[in-house]
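Q: Pasting structure.txt below, which is compact mmCIF, C-alpha atoms and all ligand atoms.
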```
# COMPACT_ATOMS: atom_id res chain seq x y z
CA MET A 1160 -15.27 -34.74 174.43
CA ARG A 1161 -13.67 -36.97 171.87
CA ASP A 1162 -14.14 -36.17 168.25
CA PRO A 1163 -16.39 -38.99 167.01
CA GLY A 1164 -14.76 -38.58 163.62
CA GLU A 1165 -11.53 -39.64 165.33
CA SER A 1166 -12.95 -42.08 167.85
CA TYR A 1167 -14.67 -44.14 165.23
CA PRO A 1168 -12.30 -44.08 162.33
CA ASP A 1169 -13.96 -45.48 159.28
CA ALA A 1170 -13.41 -49.20 159.47
CA GLY A 1171 -13.78 -49.52 155.74
CA MET A 1172 -11.06 -47.01 155.24
CA ALA A 1173 -8.93 -48.58 157.97
CA ARG A 1174 -9.28 -51.97 156.36
CA GLY A 1175 -8.45 -50.47 153.00
CA ASP A 1176 -5.48 -48.69 154.50
CA LYS A 1177 -4.20 -51.89 156.08
CA GLN A 1178 -4.45 -53.69 152.76
CA VAL A 1179 -2.88 -50.72 151.08
CA ALA A 1180 -0.04 -50.72 153.61
CA LYS A 1181 0.63 -54.38 152.90
CA ARG A 1182 0.47 -53.75 149.21
CA HIS A 1183 2.68 -50.71 149.53
CA ALA A 1184 5.33 -52.93 151.09
CA VAL A 1185 5.08 -55.18 148.03
CA LEU A 1186 5.10 -52.09 145.88
CA LEU A 1187 8.28 -50.73 147.48
CA ILE A 1188 10.05 -54.03 146.84
CA LEU A 1189 8.80 -53.97 143.26
CA LEU A 1190 9.91 -50.37 142.82
CA ALA A 1191 13.34 -51.25 144.20
CA GLY A 1192 13.44 -54.04 141.59
CA ILE A 1193 12.51 -51.61 138.86
CA SER A 1194 15.30 -49.17 139.70
CA LEU A 1195 17.76 -52.06 139.91
CA VAL A 1196 16.80 -53.29 136.46
CA ALA A 1197 16.82 -49.73 135.13
CA GLY A 1198 20.30 -49.33 136.56
CA CYS A 1199 21.47 -52.57 134.93
CA LYS A 1200 20.01 -51.55 131.64
CA LYS A 1201 21.74 -48.21 131.78
CA SER A 1202 25.17 -49.67 132.53
CA SER A 1203 25.04 -52.49 130.01
CA GLU A 1204 23.18 -50.49 127.33
CA SER A 1205 21.45 -53.74 126.37
CA GLU A 1206 17.75 -54.27 125.76
CA ALA A 1207 16.27 -55.66 128.96
CA PRO A 1208 13.60 -58.29 128.41
CA ASN A 1209 10.10 -57.19 129.38
CA PHE A 1210 9.95 -58.85 132.81
CA PHE A 1211 6.99 -56.81 133.86
CA GLY A 1212 4.30 -57.57 131.33
CA SER A 1213 1.79 -55.01 130.22
CA PRO A 1214 0.98 -52.08 132.47
CA PRO A 1215 -2.64 -51.63 133.60
CA VAL A 1216 -4.79 -49.44 131.38
CA VAL A 1217 -6.94 -46.77 133.07
CA SER A 1218 -9.91 -45.49 131.06
CA GLU A 1219 -13.39 -44.04 131.58
CA LEU A 1220 -12.02 -41.83 134.38
CA SER A 1221 -14.69 -39.96 136.31
CA ILE A 1222 -13.86 -37.72 139.28
CA THR A 1223 -16.73 -35.51 140.36
CA LYS A 1224 -18.26 -34.15 143.53
CA GLU A 1225 -21.71 -33.39 144.77
CA ALA A 1226 -22.93 -31.42 147.74
CA ALA A 1227 -24.57 -33.72 150.28
CA SER A 1228 -27.01 -32.44 152.86
CA PHE A 1229 -28.28 -34.26 155.96
CA ASN A 1230 -31.12 -33.41 158.31
CA CYS A 1231 -31.65 -35.51 161.38
CA PRO A 1232 -34.56 -34.54 163.62
CA ALA A 1233 -34.07 -34.58 167.35
CA GLY A 1234 -33.91 -38.15 168.55
CA GLU A 1235 -34.38 -39.74 171.96
CA PRO A 1236 -33.89 -36.94 174.53
CA VAL A 1237 -31.10 -37.08 177.10
CA ASP A 1238 -32.53 -37.15 180.62
CA LEU A 1239 -31.08 -34.51 182.93
CA CYS A 1240 -34.21 -34.46 185.14
CA THR A 1241 -34.06 -37.72 187.08
CA ASP A 1242 -30.61 -37.03 188.54
CA PHE A 1243 -30.12 -33.27 188.23
CA CYS A 1244 -33.54 -31.56 187.98
CA LEU A 1245 -32.22 -29.61 184.96
CA TYR A 1246 -34.10 -30.44 181.74
CA MET A 1247 -34.43 -33.03 179.02
CA VAL A 1248 -32.48 -32.15 175.91
CA SER A 1249 -32.80 -33.44 172.39
CA THR A 1250 -30.64 -32.29 169.51
CA SER A 1251 -31.40 -32.05 165.83
CA ILE A 1252 -28.47 -32.10 163.43
CA HIS A 1253 -27.92 -30.51 160.04
CA ALA A 1254 -24.78 -31.35 158.08
CA GLU A 1255 -23.50 -30.26 154.68
CA LEU A 1256 -20.38 -31.68 153.08
CA ASP A 1257 -18.98 -32.63 149.69
CA LEU A 1258 -19.09 -36.21 148.45
CA VAL A 1259 -16.22 -36.98 146.06
CA LYS A 1260 -16.94 -39.75 143.54
CA VAL A 1261 -13.95 -41.40 141.90
CA SER A 1262 -14.32 -44.20 139.39
CA ALA A 1263 -12.31 -45.63 136.52
CA LYS A 1264 -12.25 -48.69 134.32
CA VAL A 1265 -9.01 -50.61 134.81
CA THR A 1266 -7.88 -53.45 132.58
CA ASP A 1267 -4.67 -55.44 132.35
CA ALA A 1268 -3.59 -57.39 129.28
CA ASP A 1269 -2.27 -60.10 131.62
CA GLY A 1270 -5.76 -60.52 133.12
CA PRO A 1271 -7.63 -58.88 136.01
CA ALA A 1272 -5.91 -61.20 138.54
CA ASN A 1273 -2.68 -59.36 137.71
CA LEU A 1274 -4.06 -56.12 139.19
CA LEU A 1275 -2.68 -55.50 142.69
CA VAL A 1276 -4.51 -52.39 143.83
CA ILE A 1277 -6.42 -49.42 142.42
CA LEU A 1278 -6.08 -46.21 144.41
CA ALA A 1279 -7.80 -42.84 144.55
CA ARG A 1280 -5.07 -40.39 145.59
CA PHE A 1281 -4.83 -36.75 146.60
CA PHE A 1282 -2.69 -34.41 148.67
CA ASP A 1283 -4.03 -32.94 151.92
CA PRO A 1284 -3.76 -30.00 152.24
CA PRO A 1285 -3.58 -29.35 148.50
CA VAL A 1286 -0.06 -28.50 147.29
CA GLY A 1287 0.37 -24.72 147.16
CA SER A 1288 -2.70 -24.00 149.30
CA GLY A 1289 -0.48 -22.23 151.82
CA SER A 1290 -2.29 -23.85 154.74
CA GLY A 1291 0.97 -24.44 156.61
CA SER A 1292 0.16 -28.03 157.60
CA ALA A 1293 2.47 -30.84 156.54
CA ILE A 1294 1.27 -32.19 153.21
CA GLU A 1295 0.23 -35.85 153.24
CA GLU A 1296 -0.55 -37.99 150.23
CA ILE A 1297 -3.82 -39.80 150.90
CA SER A 1298 -4.59 -43.14 149.23
CA LEU A 1299 -8.03 -44.73 149.34
CA GLU A 1300 -8.49 -48.15 147.83
CA MET A 1301 -11.05 -48.40 145.04
CA PHE A 1302 -13.25 -51.47 144.67
CA ASP A 1303 -15.20 -53.37 142.01
CA VAL A 1304 -17.64 -54.94 144.46
CA GLY A 1305 -20.99 -53.36 143.57
CA ASN A 1306 -22.97 -52.42 146.67
CA ASN A 1307 -21.29 -55.06 148.86
CA PRO A 1308 -19.82 -53.54 152.02
CA VAL A 1309 -16.04 -53.37 152.34
CA GLY A 1310 -16.05 -52.93 156.13
CA THR A 1311 -18.01 -51.43 159.00
CA VAL A 1312 -17.87 -48.22 160.97
CA THR A 1313 -18.91 -47.95 164.62
CA GLY A 1314 -20.90 -44.83 165.46
CA THR A 1315 -22.34 -43.59 168.75
CA PHE A 1316 -25.61 -45.45 168.28
CA GLY A 1317 -24.75 -48.39 166.07
CA ILE A 1318 -22.50 -50.17 163.61
CA TYR A 1319 -22.91 -49.31 159.94
CA PRO A 1320 -21.71 -51.08 156.76
CA VAL A 1321 -19.24 -49.10 154.62
CA ILE A 1322 -19.96 -49.08 150.90
CA THR A 1323 -17.89 -47.68 148.04
CA GLY A 1324 -20.48 -46.38 145.60
CA ASP A 1325 -19.49 -48.98 142.97
CA ALA A 1326 -22.44 -49.56 140.66
CA VAL A 1327 -21.79 -53.04 139.23
CA GLN A 1328 -19.71 -55.83 140.73
CA GLY A 1329 -17.02 -57.34 138.49
CA ASP A 1330 -17.41 -55.00 135.49
CA GLY A 1331 -13.83 -53.73 135.73
CA VAL A 1332 -14.99 -50.30 136.91
CA TYR A 1333 -13.44 -49.51 140.30
CA THR A 1334 -15.08 -46.90 142.49
CA ARG A 1335 -14.64 -45.01 145.73
CA TYR A 1336 -17.00 -42.39 147.05
CA PHE A 1337 -15.91 -40.48 150.13
CA TYR A 1338 -16.95 -37.38 152.04
CA MET A 1339 -14.47 -34.56 152.49
CA LYS A 1340 -15.25 -33.57 156.08
CA THR A 1341 -13.74 -30.55 157.75
CA ASP A 1342 -12.72 -31.26 161.33
CA THR A 1343 -15.23 -29.58 163.65
CA PRO A 1344 -14.35 -30.85 167.14
CA LEU A 1345 -17.11 -28.87 168.86
CA SER A 1346 -19.84 -29.71 166.42
CA GLN A 1347 -19.93 -33.36 165.42
CA PRO A 1348 -22.70 -34.89 163.32
CA ASP A 1349 -22.99 -37.92 165.65
CA ASP A 1350 -24.56 -40.73 163.59
CA CYS A 1351 -26.62 -38.42 161.35
CA ILE A 1352 -24.60 -39.11 158.18
CA LEU A 1353 -23.98 -42.78 159.00
CA SER A 1354 -27.62 -43.58 159.69
CA THR A 1355 -29.10 -41.48 156.87
CA ASP A 1356 -26.74 -43.08 154.34
CA THR A 1357 -27.46 -46.56 155.65
CA THR A 1358 -31.21 -45.99 155.37
CA GLN A 1359 -30.86 -44.66 151.82
CA HIS A 1360 -28.07 -46.84 150.37
CA SER A 1361 -27.75 -49.87 152.72
CA GLY A 1362 -24.40 -48.53 153.86
CA THR A 1363 -22.43 -45.35 154.36
CA TYR A 1364 -19.53 -43.84 152.42
CA SER A 1365 -16.16 -43.26 154.06
CA GLN A 1366 -15.46 -39.90 155.67
CA PHE A 1367 -12.08 -38.34 155.10
CA THR A 1368 -11.51 -35.76 157.83
CA THR A 1369 -9.15 -32.91 157.03
CA THR A 1370 -7.73 -30.56 159.65
CA VAL A 1371 -6.75 -28.00 157.02
CA THR A 1372 -7.77 -24.39 157.61
CA PHE A 1373 -10.06 -23.21 154.84
CA PRO A 1374 -9.75 -19.65 153.49
CA ALA A 1375 -12.55 -17.09 153.87
CA THR A 1376 -14.01 -18.26 150.54
CA ARG A 1377 -14.68 -21.63 152.28
CA ILE A 1378 -13.28 -23.36 149.18
CA LEU A 1379 -10.03 -25.26 148.60
CA ASN A 1380 -9.07 -26.82 145.28
CA TYR A 1381 -8.07 -30.47 145.74
CA GLN A 1382 -6.43 -32.51 142.95
CA TYR A 1383 -7.48 -36.13 142.63
CA HIS A 1384 -6.18 -38.93 140.44
CA VAL A 1385 -6.35 -42.70 140.11
CA GLU A 1386 -3.37 -45.05 140.21
CA ALA A 1387 -3.55 -48.65 139.04
CA VAL A 1388 -0.76 -50.97 140.22
CA ASP A 1389 -0.24 -54.48 138.92
CA ARG A 1390 1.55 -57.39 140.57
CA ALA A 1391 4.59 -56.90 138.36
CA GLY A 1392 5.04 -53.36 139.73
CA ASN A 1393 3.70 -51.45 136.76
CA ILE A 1394 1.96 -48.27 137.89
CA THR A 1395 -0.44 -46.41 135.62
CA PRO A 1396 -1.61 -43.01 136.89
CA SER A 1397 -4.59 -41.19 135.42
CA GLY A 1398 -4.59 -37.48 134.79
CA ASN A 1399 -5.39 -35.09 137.64
CA VAL A 1400 -8.84 -33.64 138.18
CA THR A 1401 -9.20 -30.51 140.32
CA LEU A 1402 -12.36 -30.11 142.37
CA PRO A 1403 -13.30 -27.09 144.48
CA ILE A 1404 -14.09 -28.62 147.88
CA THR A 1405 -16.37 -26.62 150.13
CA LYS A 1406 -15.70 -26.46 153.87
CA SER A 1407 -18.19 -28.75 155.54
CA ASP A 1408 -20.72 -27.51 158.03
CA VAL A 1409 -22.40 -29.18 161.00
CA VAL A 1410 -25.10 -27.37 162.97
CA ARG A 1411 -26.45 -28.87 166.18
CA SER A 1412 -29.70 -27.44 167.51
CA PRO A 1413 -30.48 -28.55 171.07
CA THR A 1414 -33.99 -28.20 172.42
CA GLN A 1415 -34.49 -28.11 176.18
CA ILE A 1416 -37.65 -29.57 177.64
CA PRO A 1417 -38.39 -28.47 181.25
CA CYS A 1418 -38.57 -31.16 183.93
CA GLY A 1419 -41.70 -32.08 185.82
CA PRO A 1420 -42.09 -31.35 189.56
CA PRO A 1421 -39.54 -32.54 192.16
CA ILE A 1422 -40.06 -36.10 193.33
CA PRO A 1423 -41.06 -36.03 197.03
CA GLY A 1424 -38.56 -37.79 199.26
CA VAL A 1425 -35.87 -37.97 196.53
CA PRO A 1426 -33.69 -34.86 196.92
CA GLY A 1427 -32.31 -33.44 193.63
CA SER A 1428 -34.65 -35.52 191.53
CA CYS A 1429 -37.44 -34.31 189.28
CA SER A 1430 -39.97 -36.23 187.27
CA THR A 1431 -39.52 -36.34 183.52
CA PRO A 1432 -41.96 -34.25 181.49
CA CA B 1501 -17.70 -51.98 139.29
```
If you took the structure in this file and wrote it as structure tokens, what would it be?
Ligand SMILES: [Ca+2]

A:
Amino acid sequence: MRDPGESYPDAGMARGDKQVAKRHAVLLILLAGISLVAGCKKSSESEAPNFFGSPPVVSELSITKEAASFNCPAGEPVDLCTDFCLYMVSTSIHAELDLVKVSAKVTDADGPANLLVILARFFDPPVGSGSGSAIEEISLEMFDVGNNPVGTVTGTFGIYPVITGDAVQGDGVYTRYFYMKTDTPLSQPDDCILSTDTTQHSGTYSQFTTTVTFPATRILNYQYHVEAVDRAGNITPSGNVTLPITKSDVVRSPTQIPCGPPIPGVPGSCSTP
């Protein structure tokens, strides 16, 4: 069975990542330019003109988490009577995971159009956690779009808009909410989180799936920060905020409903209850 978390990667995140990848290419070129200029400046000992304008200013930083809990009652049962005379089965799902909320006000003296990208960044697994996995730096794009979707995600039972958690469009406050989901290949939440979120907020938040092994305490301390990058290559990082992330939990509770009597003349087939 494929891990739905893998088989439907968050389209919002994928879109963000694609944009980020493009912007990272620009960024690398800009960074190369910066080191070149820095090198020139060093060798000539002259005052370089300020090619790069003012760096972005990051303020009103807020990085918090809240425990999110989902309960989805058993939906439409799966029919294993008509073809197999086994039972009907319907599954209720309970999921608990942390929602990380990152937001910051970002301004640029050269105007908002000069901002290239605002990123929420963290290392997975956290540096020094001793998890043994290769450490990756994760970047999620932050948006100033209000409740407008930034993409879609395809679940098992539908397609859901992806929202960022941004409160007000165009106020200079960039936001990204995302779930920290522990990979549980044998116990997936199906569409429980996607559909509950969409009912409650007109869209669902991205899910970041980590494969890190949590310690017995079920808690790992992740460090998050914001980085604002402008088109001239100036990068302004915020300070780090450490949050204790709790291992997520998904419990599936199947209920079997016995089949009706065998259907005469149709071997191996029973009526549905
Ligand atoms: Ca905003």

Q: Using 10 Å as the limit and counting only C-alpha atoms and all ligand atoms, can you tabulate each residue of chain A that touches ligand CA 1501 (chain B), with its shortest atom-to-atom distance in Å and the two atoms involved, as CSV?

A:
```
residue,atom,partner,partner_atom,distance
A:Ser1262,CA,B:CA1501,CA,8.5
A:Ala1263,CA,B:CA1501,CA,8.8
A:Lys1264,CA,B:CA1501,CA,8.1
A:Val1265,CA,B:CA1501,CA,9.9
A:Met1301,CA,B:CA1501,CA,9.5
A:Phe1302,CA,B:CA1501,CA,7.0
A:Asp1303,CA,B:CA1501,CA,3.9
A:Val1304,CA,B:CA1501,CA,6.0
A:Gly1305,CA,B:CA1501,CA,5.6
A:Asn1306,CA,B:CA1501,CA,9.1
A:Thr1323,CA,B:CA1501,CA,9.8
A:Gly1324,CA,B:CA1501,CA,8.9
A:Asp1325,CA,B:CA1501,CA,5.1
A:Ala1326,CA,B:CA1501,CA,5.5
A:Val1327,CA,B:CA1501,CA,4.2
A:Gln1328,CA,B:CA1501,CA,4.6
A:Gly1329,CA,B:CA1501,CA,5.5
A:Asp1330,CA,B:CA1501,CA,4.9
A:Gly1331,CA,B:CA1501,CA,5.5
A:Val1332,CA,B:CA1501,CA,4.0
A:Tyr1333,CA,B:CA1501,CA,5.0
A:Thr1334,CA,B:CA1501,CA,6.6
A:Arg1335,CA,B:CA1501,CA,10.0
```

Q: Where does stretch 1193-1309 of chain A meet stretch 1354-1366 of chain A within 12 Å, residue by residue, with the nearest atom pair and distance in Å to one decimal for each, counting only C-alpha atoms, listed by chain and rising number, as a tab-separated table?

A:
```
residue	atom	partner	partner_atom	distance
A:Ala1227	CA	A:Asp1356	CA	10.4
A:Ser1228	CA	A:Thr1355	CA	10.1
A:Phe1229	CA	A:Thr1355	CA	7.3
A:Asn1230	CA	A:Thr1355	CA	8.4
A:Cys1231	CA	A:Thr1355	CA	7.9
A:Pro1232	CA	A:Thr1355	CA	11.1
A:Ile1252	CA	A:Thr1355	CA	11.5
A:His1253	CA	A:Thr1355	CA	11.5
A:Ala1254	CA	A:Thr1355	CA	11.1
A:Leu1256	CA	A:Gln1366	CA	9.9
A:Asp1257	CA	A:Gln1366	CA	10.1
A:Leu1258	CA	A:Tyr1364	CA	8.6
A:Val1259	CA	A:Tyr1364	CA	9.9
A:Lys1260	CA	A:Tyr1364	CA	10.1
A:Leu1299	CA	A:Ser1365	CA	9.5
A:Glu1300	CA	A:Ser1365	CA	11.0
A:Met1301	CA	A:Ser1365	CA	11.6
A:Gly1305	CA	A:His1360	CA	11.8
A:Asn1306	CA	A:Ser1361	CA	8.1
A:Asn1307	CA	A:Gly1362	CA	8.8
A:Pro1308	CA	A:Gly1362	CA	7.0
A:Val1309	CA	A:Gly1362	CA	9.8
```

Q: Between atom CA of A:Lys1340 and atom CA of A:Gln1415, what is the spacing in Å?

A: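 Between atom CA of A:Gln1415 and atom CA of A:Lys1340 the gap is 28.4 Å.
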
Q: Could you list, as a list in words, every residue within 9 Å of stretch 1393-1403 of chain A, counting only C-alpha atoms and ignoring same-chain residues fewer than 6 positions away?

A: Leu1189, Leu1190, Phe1211, Gly1212, Ser1213, Pro1214, Pro1215, Val1216, Val1217, Ser1218, Leu1220, Ser1221, Ile1222, Thr1223, Lys1224, Val1259, Ala1263, Ile1378, Leu1379, Asn1380, Tyr1381, Gln1382, Tyr1383, His1384, Val1385, Glu1386 and Ala1387 of chain A

Q: Just how far from atom CA of A:Thr1250 is atom CA of A:Ile1416, in Å to one decimal?

A: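 Atom CA of A:Ile1416 sits 11.1 Å away from atom CA of A:Thr1250.
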
Q: Quote the spacing between atom CA of A:Pro1348 and atom CA of A:Val1410 in Å to one decimal place.

A: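 Going from atom CA of A:Pro1348 over to atom CA of A:Val1410 covers 7.9 Å.
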
Q: For A:Thr1343, find every residue with an atom within 10 Å (counting only C-alpha atoms), except residues of its own chain fewer than 2 positions away, and show them as a list in words.

A: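 Once the adjacent positions are removed, what remains is Asp1162, Gly1164, Lys1340, Thr1341, Leu1345, Ser1346, Gln1347, Pro1348, Thr1368, Thr1369, Thr1370, Ser1407, Asp1408 and Val1409 of chain A.
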
Q: Show me, as JSON, the centre and edge lengths in Å to one decimal of the axis-aligned box that covers every listed atom of stretch 1301-1311 of chain A with 3 Å on each side.

A:
```
{"center_x": -17.0, "center_y": -51.7, "center_z": 150.5, "size_x": 17.9, "size_y": 12.7, "size_z": 23.0}
```

Q: List the neighbours of A:Ser1288 out to 12 Å using all atoms listed in the file; skip same-chain residues closer than 3 positions along the sequence, and give me the result as an mmCIF file with C-alpha atoms, in the frame of the given file.

A:
```cif
data_model
loop_
_atom_site.group_PDB
_atom_site.id
_atom_site.type_symbol
_atom_site.label_atom_id
_atom_site.label_comp_id
_atom_site.auth_asym_id
_atom_site.auth_seq_id
_atom_site.Cartn_x
_atom_site.Cartn_y
_atom_site.Cartn_z
ATOM 1 C CA PHE A 1282 -2.690 -34.410 148.670
ATOM 2 C CA ASP A 1283 -4.030 -32.940 151.920
ATOM 3 C CA PRO A 1284 -3.760 -30.000 152.240
ATOM 4 C CA PRO A 1285 -3.580 -29.350 148.500
ATOM 5 C CA GLY A 1291 0.970 -24.440 156.610
ATOM 6 C CA SER A 1292 0.160 -28.030 157.600
ATOM 7 C CA ALA A 1293 2.470 -30.840 156.540
ATOM 8 C CA ILE A 1294 1.270 -32.190 153.210
ATOM 9 C CA VAL A 1371 -6.750 -28.000 157.020
ATOM 10 C CA THR A 1372 -7.770 -24.390 157.610
ATOM 11 C CA PHE A 1373 -10.060 -23.210 154.840
ATOM 12 C CA PRO A 1374 -9.750 -19.650 153.490
ATOM 13 C CA ILE A 1378 -13.280 -23.360 149.180
ATOM 14 C CA LEU A 1379 -10.030 -25.260 148.600
ATOM 15 C CA ASN A 1380 -9.070 -26.820 145.280
ATOM 16 C CA TYR A 1381 -8.070 -30.470 145.740
ATOM 17 C CA GLN A 1382 -6.430 -32.510 142.950
#
```

Q: Of the candidates A:Pro1432, A:Pro1417, A:Gly1424, A:Gly1392, which shows the shortest atom-to-atom distance to A:Asn1273, using only C-alpha atoms?

A: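 Checking each of A:Pro1432, A:Pro1417, A:Gly1424, A:Gly1392 against A:Asn1273, counting only C-alpha atoms, the winner is A:Gly1392.
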
Q: For A:Thr1313, which of A:Glu1235, A:Asp1349, A:Asp1389, A:Glu1255 is the closest residue, counting all atoms listed in the file?

A: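 Checking each of A:Glu1235, A:Asp1349, A:Asp1389, A:Glu1255 against A:Thr1313, counting all atoms listed in the file, the winner is A:Asp1349.
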
Q: When you count only C-alpha atoms, which of these residues is closest to A:Asp1350: A:Ala1375, A:Ala1391, A:Cys1418, A:Val1312?

A: A:Val1312

Q: Point out the residue among A:Gly1310, A:Ile1422, A:Ile1277, A:Gly1234 with the least atom-to-atom distance to A:Ser1298, counting only C-alpha atoms.

A: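 Between A:Gly1310, A:Ile1422, A:Ile1277, A:Gly1234, the residue approaching A:Ser1298 most closely is A:Ile1277.
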
Q: Ranking A:Arg1390, A:Leu1274, A:Ser1290, A:Leu1353 by minimum distance to A:Thr1311 and counting all atoms listed in the file, which one comes first?

A: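 Looking at the shortest contact to A:Thr1311, the residue is A:Leu1353.
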
Q: Could you check the closest approach to A:Phe1337 for each of A:Val1276, A:Cys1351, A:Val1286, A:Val1321 and tell me which residue wins, using all atoms listed in the file?

A: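 Of all the options, A:Val1321 lies closest to A:Phe1337.
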
Q: Write out as number ranges by chain each polymer residue whose atoms come within 12 Å of A:Thr1431, counting only C-alpha atoms; drop sequence neighbours fewer than 5 positions from it.

A: A: 1236-1248, 1416-1422
